[in-house]
Amino acid sequence: MQMDKQLKKILEEKVPAFVLEVNEIAQMIDNEQNPLERKFIQQLIDKARPLYVDAGNDHLHLLSKVRILELDKQIKEDVPLMEVLETIDNKVDSNYDTILNGKTDINKYHKDRTELERNLHRSQANDALVEYDQKFVDTLRTNLEIVRDFGFVLLKLTEEKMDILLTSSEKQKAKKNEHLSMYN
């Protein structure tokens with residue numbers, strides 16, 4: 001039951017809020033006059049890092065719920081539902097890799113940039129650092145768009161099957177209690 005409450009919160013509140021926050025960051029990048037300024041990049045990192053951490057946790061939670069449902073004997077017999085669950089499983093699993101890559105890029109940015117700065121001669125430093133910053137901002141934007149688009153897909157996939165995702169564990173508990181009451 002606790003897992004269902006958390007899942008419902010993820011699907012009804014956190015995923016839509018995440019999509020909106022990612023859009024906000026993307027608009028920040030688009031509207032910024034100087035998107036390669038270090039202060040601005042730090043703002044992006046500060047906004048994106050917690051999003052990636054939360055999204056990673058939510059993906060693992062959703063993945064565990066879907067895999068529990070895939071093991072249910074009654075659900076295995078429902079071919080259309082199993083196809084939806086397998087689709088969700090595959091998409092969540094592949095998107096989790098994108099989230100991990102984005103989080104890794106964010107965590108490595110300062111270290112890699114400082115290392116690049118140290119290894120370059122003064123005449124080379126500005127161009128190379130601008131290029132590095134541009135690549136980072138572009139990669140961050142691309143990753144955020146992929147994750148945002150996945151949010152839309154996830155909402156669409158789960159919208160139709162939300163009742164099954166949320167009530168399956170209740171049915172399992174009822175069966176377990178029924179089974180236990182037979183022996184009491």
# chains A, B, ... in the order shown; residues from 1 in each chain; ligands from 1
$ closest_atom_pairs --of "range 71-114 of chain A" --to "range 135-141 of chain A" --cutoff "8 Å" --atoms "only C-alpha atoms" --output "CSV"
residue,atom,partner,partner_atom,distance
A:Gly102,CA,A:Leu140,CA,6.7
A:Asp105,CA,A:Phe136,CA,7.9
A:Tyr109,CA,A:Phe136,CA,7.7
$ residues_around --residues "range 33-38 of chain A" --least-positions-apart "2" --cutoff "6 Å" --atoms "only C-alpha atoms" --output "list of chain:residue names"
A:Phe40, A:Ile41, A:Asp133
$ write_last_selection --atoms "C-alpha atoms" --output "PDB file, in the first residue's frame"
ATOM      1  CA  PHE A  40      24.918  30.947 -15.616  1.00  0.00           C
ATOM      2  CA  ILE A  41      26.355  27.464 -16.077  1.00  0.00           C
ATOM      3  CA  ASP A 133      31.316  25.143 -22.009  1.00  0.00           C
TER       4      ASP A 133
END
$ residues_around --residues "range 46-62 of chain A" --least-positions-apart "2" --cutoff "9 Å" --atoms "only C-alpha atoms" --output "PyMOL selection string"
chain A and resi 3+6-7+10-11+14-15+18+21-22+25+41-44+64-67+89+92-93+95-96+99-100+102-103+106-107+140+144+147
